[in-house]
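**Q** Sharing a structure below in structure tokens format, with a few things to ask.
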Amino acid sequence: MPPRSEDPRRDATGSRRGSSRGSEPREPGLGGISDARAYTPRGRTVREGGGAEQRRTPRSNRSGDPFRPALQVLDGGRAGRAGTREPATDGARSGRRSTAAGGRAAVVRTVSSRPVHEPFDDDEDAPPPRRRSQPRRPAAPPRRPVRKPRRPPRLGDPRRRLRLGTVLALALFASIGVRLVYLQTADTPAYADRGLPDRLAVVELPAPRGAILDRDGEPLAHSVEARYVFADPTRVTDRAATARALSPLLGVPASDLAEKMRKRNLPGTDTPLQFVYLARGVEIGTAKKIMALDLAGINVHRDERREVPGGDLAANLIGFVSQDMNGLEGLEAKYDDVLRGQAGKRTYEVGLGDLAAPIPGGYSRTTQPQPGSSLKLTVDRDLQFMTQRILAKQTAKVKGSIGAAVIIEVPSGEVLAQASQPTYDAANPTKVGSPSDRDDAATTFVVDPGSIHKAITFGAALQEGVITPDTAFPVANTAVRGGVTFRDTHPVDGRTMSIPGMLAFSSNVGTIEVAEKLGKDRLFDYQKRFGLGQVTGEGMPGEAAGRLLPPDQWSGSAYGSVPIGHSVDATPLQMAAAYAAIANNGTYVQPHLVKETIGADGERSPAAAPATRSVLSPDNAAALRRMMEAVTTVDGPDGQATGLAAAVPGYRVAGKTGTGLRYDGGKQQPGEVGSFIGMAPAENPRYVVAVFVWSPDGGGGAVAAPAFREMMGFTLRHYRVPPSLTNKSPKFEVFPR
């Protein structure tokens, strides 16, 4: 091969090969270096003539040709496969130029496109040899066969995956939608009921308790505004510390408070308890101190506190209530359903944690409390006060005594005062020496009435015509019945004694003689008519019924004991009601304490009319009252009546003294019960007063009559009852001739 010329060869026109300049027109679409002289990667020229084809020289083992991009541009960016020949076209693909005028063929280089190196081609595969225009060289040794390019792996179809993902997403949303529709339609009530309690808070709204008023509307017990302290156990962080902080303010042991604040569920549910009372009726000042402590889970709310203005005034009648405002004793307990009213309730949605407050616009329902009704009693507060004061003073003279006093208005049967001794402060009911100190003695104090029963015996005899006001007969000093001897405290040695005299000197023997003429059956019948042996229905809870001895159970001694008030059990109230029948012209009127009920709206409902029945005729009742005046007036050479100490200056008084026994649990107690029951003015009675005093050492009779005198005198003056015309009082002849 001749040596390569160092100077660039020129074509027929004298221009350098590869120059972009020239007069020959360019083929359309070619420019830049497209008409430059063809050259090999090694700088060698290729001459083409006479239609000889190019021959490529074998390439080196290099994986790439730095001139390959330029050659692709010469070919219009189209690359053919290695070892292939592209046919020349009309000036577009042949790359030839027209022959010059000198007949020298222009050198045109035909560049075949090189194979594109794909990522999957084997780098060791050499490109096919170039074809040259000169004669072939001797055949080279056989080469390894060229392997076909590795077929690229088949890629996944993204459309299939997209369709599959879409189907899965639609299926998921469809299942969620079906579930939501099911929850909103089929199970809505069930799930709503389950979830609602978890976010609801319930606060009780106490209903104001009705008041207990006296006959003039003055409060004996009423409710005042206070505060109650409550806890939400779910929010209390430290029970022990909270209990210790509240204990001195509430007066409740810390252990009790800690137990109340223990977390627990509502009975029978899985809902946690969120409300529990710690104290009721707390004073407003104390509540402010508690709020200042800022204890977690502790709060206060409006409440009421029961207040008893009089302290011990009518305490044994009124009774008391618990901290929850439930009646426990007395009228508070008997009429609890009337006084208590109906509590309200507020239910509302709350948040959780620090947002445990009502949710604005959330569920909220309030049931307004219904205040309780008030009771208006027949009791006169001023008279009750004086009655208690007098009874306390008189019983203090007798050691270890128990006293009871009842004042009844005639003819209404209203109880104006009902006192017991000992008594207690209804505002502090636990501060008593014994629980029995809270009992109402007038209705629970069962006694053997003794001689005050004689008025019933003589009244029955008058009504049955066995005796008259002028009856008189000899009275012995003793009488024996069933082997038992009955004596008089004022023996008359068989002298003839009048009925007023028998009452004045409380003759046992004379009374037994009258009862024998009356008969046990009729006496028993009148005992029941006068209200013995059965509760009066006054209105006090726990009232005792007493006991009567039926005629078929009478023993031999009963003929002597029953007429004079023994073998008979009665309460002070029962005996007072029996005397009120004598004062009311022989008509028994059921004693009662409740005058009317006043609703929360102010509507007044009178109490049911008391039961009434006729026991004596008006004439016989008037005759009996007249004879009973002898008890407070007879004072002469033949002796003094037993009830002179009960006389009220300026008024005619009819009554009877008594000395009986006390029974407790069916057993006779030591000592005796002194009593006096009377009415005034005797000519037209307005009031009946009964006084009973028991002492284990005796002496009750010595204080009963003086206590009656003070109570009756105050009552008459309190109600401005005109004095009696004492000069019109009857003159009694005890021992007629």
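Ordering of the structure tokens sets the chain letters (A, B, ...), residue numbers begin anew at 1 in every chain, and ligands are numbered from 1 in the order given.
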Write out as a ChimeraX atom specification the set of residues from segment 197-370 of chain A that DSSP, computed on the backbone, places in strand (DSSP E or B).
**A** /A:200-205,212-213,219-231,265,272,276-282,298-307,321,327,342,344-350,358,364-367,370
**Q** Quick one: residues within 9 Å of segment 293-297 of chain A, only C-alpha atoms counted, chain neighbours fewer than 6 positions away excluded, as a ChimeraX atom specification?
**A** /A:230-238,242,245
**Q** Env of Leu593 of chain A: 10 Å cut, atoms = only C-alpha atoms, seq-sep filter 2 positions within chain, self excluded. Answer as a PyMOL selection string.
**A** chain A and resi 214-215+317+331+375-379+408+413-418+537-540+591+595-596+607
**Q** Using only C-alpha atoms, which of A:Pro681, A:Pro706, A:Gly483, A:Gly531 sits nearest Thr642 of chain A?
**A**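 The answer is A:Pro706, which sits nearest to Thr642 of chain A.
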**Q** Applying 7 Å and only C-alpha atoms, which residues near Tyr588 of chain A remain after dropping the ones on its own chain fewer than 4 positions away? List them as number ranges by chain.
**A** A: 530, 581, 612-615
**Q** Those residues with N, CA, C and O atoms, as a PDB file, in the first residue's frame please?
**A**
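Final output, selection.pdb:
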```
ATOM      1  N   PHE A 530    -114.848   5.577 123.523  1.00  0.00           N
ATOM      2  CA  PHE A 530    -113.984   6.699 123.901  1.00  0.00           C
ATOM      3  C   PHE A 530    -112.607   6.637 123.241  1.00  0.00           C
ATOM      4  O   PHE A 530    -111.779   7.501 123.467  1.00  0.00           O
ATOM      5  N   ALA A 581    -113.923  14.365 124.181  1.00  0.00           N
ATOM      6  CA  ALA A 581    -115.295  13.975 123.842  1.00  0.00           C
ATOM      7  C   ALA A 581    -116.262  14.447 124.918  1.00  0.00           C
ATOM      8  O   ALA A 581    -117.386  14.885 124.611  1.00  0.00           O
ATOM      9  N   THR A 612    -115.598  11.269 113.547  1.00  0.00           N
ATOM     10  CA  THR A 612    -116.377  11.660 114.737  1.00  0.00           C
ATOM     11  C   THR A 612    -117.406  10.575 115.051  1.00  0.00           C
ATOM     12  O   THR A 612    -117.834   9.831 114.165  1.00  0.00           O
ATOM     13  N   ARG A 613    -117.809  10.520 116.304  1.00  0.00           N
ATOM     14  CA  ARG A 613    -118.872   9.595 116.726  1.00  0.00           C
ATOM     15  C   ARG A 613    -119.443  10.079 118.053  1.00  0.00           C
ATOM     16  O   ARG A 613    -118.739  10.716 118.850  1.00  0.00           O
ATOM     17  N   SER A 614    -120.654   9.754 118.267  1.00  0.00           N
ATOM     18  CA  SER A 614    -121.335  10.157 119.504  1.00  0.00           C
ATOM     19  C   SER A 614    -121.091   9.115 120.579  1.00  0.00           C
ATOM     20  O   SER A 614    -121.238   7.905 120.337  1.00  0.00           O
ATOM     21  N   VAL A 615    -120.690   9.604 121.741  1.00  0.00           N
ATOM     22  CA  VAL A 615    -120.425   8.714 122.864  1.00  0.00           C
ATOM     23  C   VAL A 615    -121.434   8.960 123.985  1.00  0.00           C
ATOM     24  O   VAL A 615    -122.029   8.022 124.529  1.00  0.00           O
TER      25      VAL A 615
END
```
